[in-house]
Amino acid sequence: QVQLVESGGGLVQAGGSLRLSCAVSGGTFSSYGMCWFRQAPGKERQVVATISWSGGSTYYAHPVKDRFTISRDNAKNTAYLQMNSLKPEDTAVYYCAAVRTTNHAMYIMTNGMDYWGKGTLVTVSS
């Protein structure tokens with residue numbers, strides 16, 4: 001059974017940084033495209049960033065481009081989201097998700113995600 005566990009969320013002031021981790025167990029991590037999503041209160045879930053199975057391609061949603069960095073360590077079965085210059089509008093529950101695909105990062109979500117974590121809360125105070 002594949003499990004995804006997020007960690008690293010918390011309370012941070014605007015302008016600060018956080019690093020989220022997503023530990024994957026029970027599957028072949030190196031064959032998964034990985035995504036980070038977020039859902040703010042009262043809003044729909046939206047994609048934040050994606051990374052291909054090898055780490056060779058990445059994609060960022062416009063609101064986070066140049067502030068967030070997605071990465072992965074296939075030896076540690078872990079994906080990361082480094083978040084810098086955080087803004088109050090970044091406040092949300094952040095979820096990681098995995099899909100069995102070798103697609104480029106821009107097309108990872110084409111057929112939906114196979115596995116989801118339970119999320120970690122990020123709160124950015126002004």
# chains A, B, ... in the order shown; residues from 1 in each chain; ligands from 1
call {"tool": "residues_around", "arguments": {"residues": "region 20-29 of chain A", "least_positions_apart": "3", "cutoff": "7 Å", "atoms": "only C-alpha atoms", "output": "PyMOL selection string"}}
result
chain A and resi 1-9+32+74+77-82+96
call {"tool": "write_last_selection", "arguments": {"atoms": "N, CA, C and O atoms", "output": "PDB file, in the first residue's frame"}}
result
ATOM      1  N   GLN A   1       0.846  -1.187   0.000  1.00  0.00           N
ATOM      2  CA  GLN A   1       0.000   0.000   0.000  1.00  0.00           C
ATOM      3  C   GLN A   1       0.890   1.249   0.000  1.00  0.00           C
ATOM      4  O   GLN A   1       1.763   1.406   0.848  1.00  0.00           O
ATOM      5  N   VAL A   2       0.632   2.122  -0.942  1.00  0.00           N
ATOM      6  CA  VAL A   2       1.441   3.335  -1.049  1.00  0.00           C
ATOM      7  C   VAL A   2       0.918   4.379  -0.070  1.00  0.00           C
ATOM      8  O   VAL A   2      -0.281   4.633  -0.004  1.00  0.00           O
ATOM      9  N   GLN A   3       1.827   4.980   0.674  1.00  0.00           N
ATOM     10  CA  GLN A   3       1.456   6.030   1.622  1.00  0.00           C
ATOM     11  C   GLN A   3       2.321   7.260   1.392  1.00  0.00           C
ATOM     12  O   GLN A   3       3.526   7.142   1.147  1.00  0.00           O
ATOM     13  N   LEU A   4       1.692   8.416   1.491  1.00  0.00           N
ATOM     14  CA  LEU A   4       2.381   9.687   1.375  1.00  0.00           C
ATOM     15  C   LEU A   4       2.147  10.464   2.666  1.00  0.00           C
ATOM     16  O   LEU A   4       1.000  10.609   3.105  1.00  0.00           O
ATOM     17  N   VAL A   5       3.213  10.947   3.256  1.00  0.00           N
ATOM     18  CA  VAL A   5       3.105  11.682   4.508  1.00  0.00           C
ATOM     19  C   VAL A   5       3.828  13.021   4.361  1.00  0.00           C
ATOM     20  O   VAL A   5       5.050  13.054   4.172  1.00  0.00           O
ATOM     21  N   GLU A   6       3.064  14.101   4.484  1.00  0.00           N
ATOM     22  CA  GLU A   6       3.637  15.438   4.416  1.00  0.00           C
ATOM     23  C   GLU A   6       4.084  15.898   5.804  1.00  0.00           C
ATOM     24  O   GLU A   6       3.504  15.511   6.819  1.00  0.00           O
ATOM     25  N   SER A   7       5.090  16.743   5.811  1.00  0.00           N
ATOM     26  CA  SER A   7       5.552  17.356   7.054  1.00  0.00           C
ATOM     27  C   SER A   7       6.194  18.696   6.728  1.00  0.00           C
ATOM     28  O   SER A   7       6.479  18.988   5.562  1.00  0.00           O
ATOM     29  N   GLY A   8       6.404  19.497   7.765  1.00  0.00           N
ATOM     30  CA  GLY A   8       7.093  20.764   7.589  1.00  0.00           C
ATOM     31  C   GLY A   8       6.210  21.992   7.612  1.00  0.00           C
ATOM     32  O   GLY A   8       6.712  23.118   7.547  1.00  0.00           O
ATOM     33  N   GLY A   9       4.911  21.797   7.688  1.00  0.00           N
ATOM     34  CA  GLY A   9       4.020  22.950   7.764  1.00  0.00           C
ATOM     35  C   GLY A   9       4.114  23.640   9.105  1.00  0.00           C
ATOM     36  O   GLY A   9       4.747  23.145  10.033  1.00  0.00           O
ATOM     37  N   TYR A  32       7.289   7.630 -10.010  1.00  0.00           N
ATOM     38  CA  TYR A  32       6.147   8.520  -9.828  1.00  0.00           C
ATOM     39  C   TYR A  32       6.469   9.956 -10.228  1.00  0.00           C
ATOM     40  O   TYR A  32       7.517  10.490  -9.852  1.00  0.00           O
ATOM     41  N   ASN A  74      15.277  10.675  -4.989  1.00  0.00           N
ATOM     42  CA  ASN A  74      14.792   9.319  -5.225  1.00  0.00           C
ATOM     43  C   ASN A  74      15.458   8.296  -4.305  1.00  0.00           C
ATOM     44  O   ASN A  74      14.895   7.230  -4.047  1.00  0.00           O
ATOM     45  N   ASN A  77      13.243   8.565  -1.246  1.00  0.00           N
ATOM     46  CA  ASN A  77      11.795   8.427  -1.475  1.00  0.00           C
ATOM     47  C   ASN A  77      11.026   9.639  -0.953  1.00  0.00           C
ATOM     48  O   ASN A  77       9.939   9.493  -0.357  1.00  0.00           O
ATOM     49  N   THR A  78      11.565  10.806  -1.209  1.00  0.00           N
ATOM     50  CA  THR A  78      10.986  12.025  -0.645  1.00  0.00           C
ATOM     51  C   THR A  78      10.969  13.146  -1.683  1.00  0.00           C
ATOM     52  O   THR A  78      11.936  13.321  -2.428  1.00  0.00           O
ATOM     53  N   ALA A  79       9.866  13.865  -1.689  1.00  0.00           N
ATOM     54  CA  ALA A  79       9.743  15.080  -2.490  1.00  0.00           C
ATOM     55  C   ALA A  79       9.696  16.276  -1.546  1.00  0.00           C
ATOM     56  O   ALA A  79       9.276  16.152  -0.391  1.00  0.00           O
ATOM     57  N   TYR A  80      10.111  17.427  -2.064  1.00  0.00           N
ATOM     58  CA  TYR A  80      10.195  18.625  -1.233  1.00  0.00           C
ATOM     59  C   TYR A  80       9.544  19.807  -1.930  1.00  0.00           C
ATOM     60  O   TYR A  80       9.443  19.854  -3.154  1.00  0.00           O
ATOM     61  N   LEU A  81       9.135  20.750  -1.119  1.00  0.00           N
ATOM     62  CA  LEU A  81       8.676  22.030  -1.642  1.00  0.00           C
ATOM     63  C   LEU A  81       9.293  23.115  -0.772  1.00  0.00           C
ATOM     64  O   LEU A  81       8.898  23.288   0.380  1.00  0.00           O
ATOM     65  N   GLN A  82      10.277  23.806  -1.325  1.00  0.00           N
ATOM     66  CA  GLN A  82      10.893  24.931  -0.632  1.00  0.00           C
ATOM     67  C   GLN A  82      10.088  26.182  -0.947  1.00  0.00           C
ATOM     68  O   GLN A  82       9.912  26.527  -2.123  1.00  0.00           O
ATOM     69  N   CYS A  96       0.641  16.608  -0.958  1.00  0.00           N
ATOM     70  CA  CYS A  96       1.442  16.026  -2.025  1.00  0.00           C
ATOM     71  C   CYS A  96       0.671  14.860  -2.621  1.00  0.00           C
ATOM     72  O   CYS A  96      -0.182  14.242  -1.967  1.00  0.00           O
TER      73      CYS A  96
END
call {"tool": "residues_around", "arguments": {"residues": "Tyr94 (chain A)", "least_positions_apart": "3", "cutoff": "12 Å", "atoms": "only C-alpha atoms", "output": "MDAnalysis selection string"}}
result
chainID A and resid 5:10 18:22 35:41 45:49 80:81 83 90:91 97 116:123
call {"tool": "select_by_dssp", "arguments": {"residues": "region 27-95 of chain A", "states": "strand (DSSP E)", "output": "PDB file with N, CA and C atoms, in the first residue's frame"}}
result
ATOM      1  N   TYR A  32       7.289   7.630 -10.010  1.00  0.00           N
ATOM      2  CA  TYR A  32       6.147   8.520  -9.828  1.00  0.00           C
ATOM      3  C   TYR A  32       6.469   9.956 -10.228  1.00  0.00           C
ATOM      4  N   GLY A  33       5.547  10.576 -10.957  1.00  0.00           N
ATOM      5  CA  GLY A  33       5.551  12.019 -11.019  1.00  0.00           C
ATOM      6  C   GLY A  33       4.953  12.526  -9.715  1.00  0.00           C
ATOM      7  N   MET A  34       5.472  13.633  -9.215  1.00  0.00           N
ATOM      8  CA  MET A  34       5.022  14.146  -7.923  1.00  0.00           C
ATOM      9  C   MET A  34       4.468  15.550  -8.085  1.00  0.00           C
ATOM     10  N   CYS A  35       3.445  15.834  -7.293  1.00  0.00           N
ATOM     11  CA  CYS A  35       2.806  17.149  -7.350  1.00  0.00           C
ATOM     12  C   CYS A  35       2.562  17.658  -5.942  1.00  0.00           C
ATOM     13  N   TRP A  36       2.582  18.963  -5.807  1.00  0.00           N
ATOM     14  CA  TRP A  36       2.103  19.628  -4.609  1.00  0.00           C
ATOM     15  C   TRP A  36       0.862  20.440  -4.994  1.00  0.00           C
ATOM     16  N   PHE A  37      -0.170  20.269  -4.177  1.00  0.00           N
ATOM     17  CA  PHE A  37      -1.401  21.030  -4.334  1.00  0.00           C
ATOM     18  C   PHE A  37      -1.621  21.822  -3.042  1.00  0.00           C
ATOM     19  N   ARG A  38      -2.523  22.777  -3.092  1.00  0.00           N
ATOM     20  CA  ARG A  38      -2.929  23.460  -1.873  1.00  0.00           C
ATOM     21  C   ARG A  38      -4.406  23.813  -1.944  1.00  0.00           C
ATOM     22  N   GLN A  39      -4.995  23.914  -0.775  1.00  0.00           N
ATOM     23  CA  GLN A  39      -6.398  24.302  -0.689  1.00  0.00           C
ATOM     24  C   GLN A  39      -6.562  25.279   0.451  1.00  0.00           C
ATOM     25  N   GLN A  46      -5.855  23.663  -5.719  1.00  0.00           N
ATOM     26  CA  GLN A  46      -5.143  24.078  -6.920  1.00  0.00           C
ATOM     27  C   GLN A  46      -3.733  23.500  -6.918  1.00  0.00           C
ATOM     28  N   VAL A  47      -3.219  23.278  -8.098  1.00  0.00           N
ATOM     29  CA  VAL A  47      -1.864  22.759  -8.202  1.00  0.00           C
ATOM     30  C   VAL A  47      -0.879  23.878  -7.890  1.00  0.00           C
ATOM     31  N   VAL A  48       0.202  23.498  -7.232  1.00  0.00           N
ATOM     32  CA  VAL A  48       1.251  24.449  -6.887  1.00  0.00           C
ATOM     33  C   VAL A  48       2.485  24.202  -7.750  1.00  0.00           C
ATOM     34  N   ALA A  49       2.923  22.952  -7.782  1.00  0.00           N
ATOM     35  CA  ALA A  49       4.128  22.606  -8.525  1.00  0.00           C
ATOM     36  C   ALA A  49       4.133  21.117  -8.812  1.00  0.00           C
ATOM     37  N   THR A  50       4.829  20.743  -9.884  1.00  0.00           N
ATOM     38  CA  THR A  50       4.970  19.339 -10.238  1.00  0.00           C
ATOM     39  C   THR A  50       6.422  19.054 -10.622  1.00  0.00           C
ATOM     40  N   ILE A  51       6.785  17.780 -10.508  1.00  0.00           N
ATOM     41  CA  ILE A  51       8.130  17.367 -10.890  1.00  0.00           C
ATOM     42  C   ILE A  51       8.045  15.978 -11.499  1.00  0.00           C
ATOM     43  N   THR A  58      10.187  20.378 -14.310  1.00  0.00           N
ATOM     44  CA  THR A  58       9.328  20.906 -13.250  1.00  0.00           C
ATOM     45  C   THR A  58       8.330  21.881 -13.851  1.00  0.00           C
ATOM     46  N   TYR A  59       7.269  22.118 -13.089  1.00  0.00           N
ATOM     47  CA  TYR A  59       6.238  23.079 -13.501  1.00  0.00           C
ATOM     48  C   TYR A  59       5.773  23.819 -12.259  1.00  0.00           C
ATOM     49  N   TYR A  60       5.531  25.107 -12.405  1.00  0.00           N
ATOM     50  CA  TYR A  60       5.045  25.917 -11.285  1.00  0.00           C
ATOM     51  C   TYR A  60       3.813  26.707 -11.699  1.00  0.00           C
ATOM     52  N   PHE A  68       8.783  29.467  -5.029  1.00  0.00           N
ATOM     53  CA  PHE A  68       8.786  28.081  -4.569  1.00  0.00           C
ATOM     54  C   PHE A  68       9.680  27.233  -5.463  1.00  0.00           C
ATOM     55  N   THR A  69      10.243  26.188  -4.879  1.00  0.00           N
ATOM     56  CA  THR A  69      11.060  25.239  -5.631  1.00  0.00           C
ATOM     57  C   THR A  69      10.676  23.819  -5.246  1.00  0.00           C
ATOM     58  N   ILE A  70      10.316  23.029  -6.241  1.00  0.00           N
ATOM     59  CA  ILE A  70      10.010  21.621  -6.010  1.00  0.00           C
ATOM     60  C   ILE A  70      11.245  20.803  -6.345  1.00  0.00           C
ATOM     61  N   SER A  71      11.484  19.764  -5.568  1.00  0.00           N
ATOM     62  CA  SER A  71      12.626  18.888  -5.814  1.00  0.00           C
ATOM     63  C   SER A  71      12.282  17.496  -5.294  1.00  0.00           C
ATOM     64  N   ARG A  72      13.163  16.564  -5.565  1.00  0.00           N
ATOM     65  CA  ARG A  72      12.955  15.199  -5.090  1.00  0.00           C
ATOM     66  C   ARG A  72      14.297  14.534  -4.882  1.00  0.00           C
ATOM     67  N   ASP A  73      14.301  13.567  -3.983  1.00  0.00           N
ATOM     68  CA  ASP A  73      15.467  12.729  -3.736  1.00  0.00           C
ATOM     69  C   ASP A  73      15.000  11.291  -3.861  1.00  0.00           C
ATOM     70  N   THR A  78      11.565  10.806  -1.209  1.00  0.00           N
ATOM     71  CA  THR A  78      10.986  12.025  -0.645  1.00  0.00           C
ATOM     72  C   THR A  78      10.969  13.146  -1.683  1.00  0.00           C
ATOM     73  N   ALA A  79       9.866  13.865  -1.689  1.00  0.00           N
ATOM     74  CA  ALA A  79       9.743  15.080  -2.490  1.00  0.00           C
ATOM     75  C   ALA A  79       9.696  16.276  -1.546  1.00  0.00           C
ATOM     76  N   TYR A  80      10.111  17.427  -2.064  1.00  0.00           N
ATOM     77  CA  TYR A  80      10.195  18.625  -1.233  1.00  0.00           C
ATOM     78  C   TYR A  80       9.544  19.807  -1.930  1.00  0.00           C
ATOM     79  N   LEU A  81       9.135  20.750  -1.119  1.00  0.00           N
ATOM     80  CA  LEU A  81       8.676  22.030  -1.642  1.00  0.00           C
ATOM     81  C   LEU A  81       9.293  23.115  -0.772  1.00  0.00           C
ATOM     82  N   GLN A  82      10.277  23.806  -1.325  1.00  0.00           N
ATOM     83  CA  GLN A  82      10.893  24.931  -0.632  1.00  0.00           C
ATOM     84  C   GLN A  82      10.088  26.182  -0.947  1.00  0.00           C
ATOM     85  N   MET A  83       9.601  26.834   0.094  1.00  0.00           N
ATOM     86  CA  MET A  83       8.737  27.997  -0.091  1.00  0.00           C
ATOM     87  C   MET A  83       9.420  29.208   0.525  1.00  0.00           C
ATOM     88  N   ALA A  92      -2.744  27.829   3.448  1.00  0.00           N
ATOM     89  CA  ALA A  92      -3.551  26.728   2.908  1.00  0.00           C
ATOM     90  C   ALA A  92      -3.085  25.421   3.518  1.00  0.00           C
ATOM     91  N   VAL A  93      -3.867  24.390   3.280  1.00  0.00           N
ATOM     92  CA  VAL A  93      -3.400  23.026   3.527  1.00  0.00           C
ATOM     93  C   VAL A  93      -2.694  22.565   2.250  1.00  0.00           C
ATOM     94  N   TYR A  94      -1.475  22.102   2.415  1.00  0.00           N
ATOM     95  CA  TYR A  94      -0.675  21.651   1.286  1.00  0.00           C
ATOM     96  C   TYR A  94      -0.666  20.126   1.240  1.00  0.00           C
ATOM     97  N   TYR A  95      -0.950  19.602   0.069  1.00  0.00           N
ATOM     98  CA  TYR A  95      -1.009  18.161  -0.149  1.00  0.00           C
ATOM     99  C   TYR A  95       0.032  17.743  -1.181  1.00  0.00           C
TER     100      TYR A  95
END
call {"tool": "select_by_dssp", "arguments": {"residues": "chain A", "states": "helix (DSSP H, G or I)", "output": "PyMOL selection string"}}
result
chain A and resi 29-31+62-64+88-90+105-107
call {"tool": "write_last_selection", "arguments": {"atoms": "C-alpha atoms", "output": "mmCIF file, in the first residue's frame"}}
result
data_model
loop_
_atom_site.group_PDB
_atom_site.id
_atom_site.type_symbol
_atom_site.label_atom_id
_atom_site.label_comp_id
_atom_site.auth_asym_id
_atom_site.auth_seq_id
_atom_site.Cartn_x
_atom_site.Cartn_y
_atom_site.Cartn_z
ATOM 1 C CA PHE A 29 9.002 6.325 -5.777
ATOM 2 C CA SER A 30 11.346 6.754 -8.722
ATOM 3 C CA SER A 31 8.541 5.868 -11.134
ATOM 4 C CA HIS A 62 1.996 31.339 -11.734
ATOM 5 C CA PRO A 63 1.317 32.566 -8.150
ATOM 6 C CA VAL A 64 4.343 30.691 -6.793
ATOM 7 C CA PRO A 88 -0.551 35.578 3.591
ATOM 8 C CA GLU A 89 -2.315 34.330 0.462
ATOM 9 C CA ASP A 90 -0.116 31.228 0.552
ATOM 10 C CA ALA A 105 6.114 17.755 -15.473
ATOM 11 C CA MET A 106 3.584 19.822 -17.449
ATOM 12 C CA TYR A 107 1.540 16.714 -18.249
#
call {"tool": "closest_residue", "arguments": {"among": "A:Ala61, A:Val12, A:Val124, A:Val99", "to": "Gly112 (chain A)", "atoms": "only C-alpha atoms"}}
result
A:Val99
call {"tool": "atom_distance", "arguments": {"atom1": "CA of Gly15 (chain A)", "atom2": "CA of Leu86 (chain A)"}}
result
4.9 Å
call {"tool": "atom_distance", "arguments": {"atom1": "CA of Ile108 (chain A)", "atom2": "CA of Lys87 (chain A)"}}
result
26.7 Å
call {"tool": "atom_distance", "arguments": {"atom1": "CA of Glu44 (chain A)", "atom2": "CA of Ser17 (chain A)"}}
result
23.7 Å
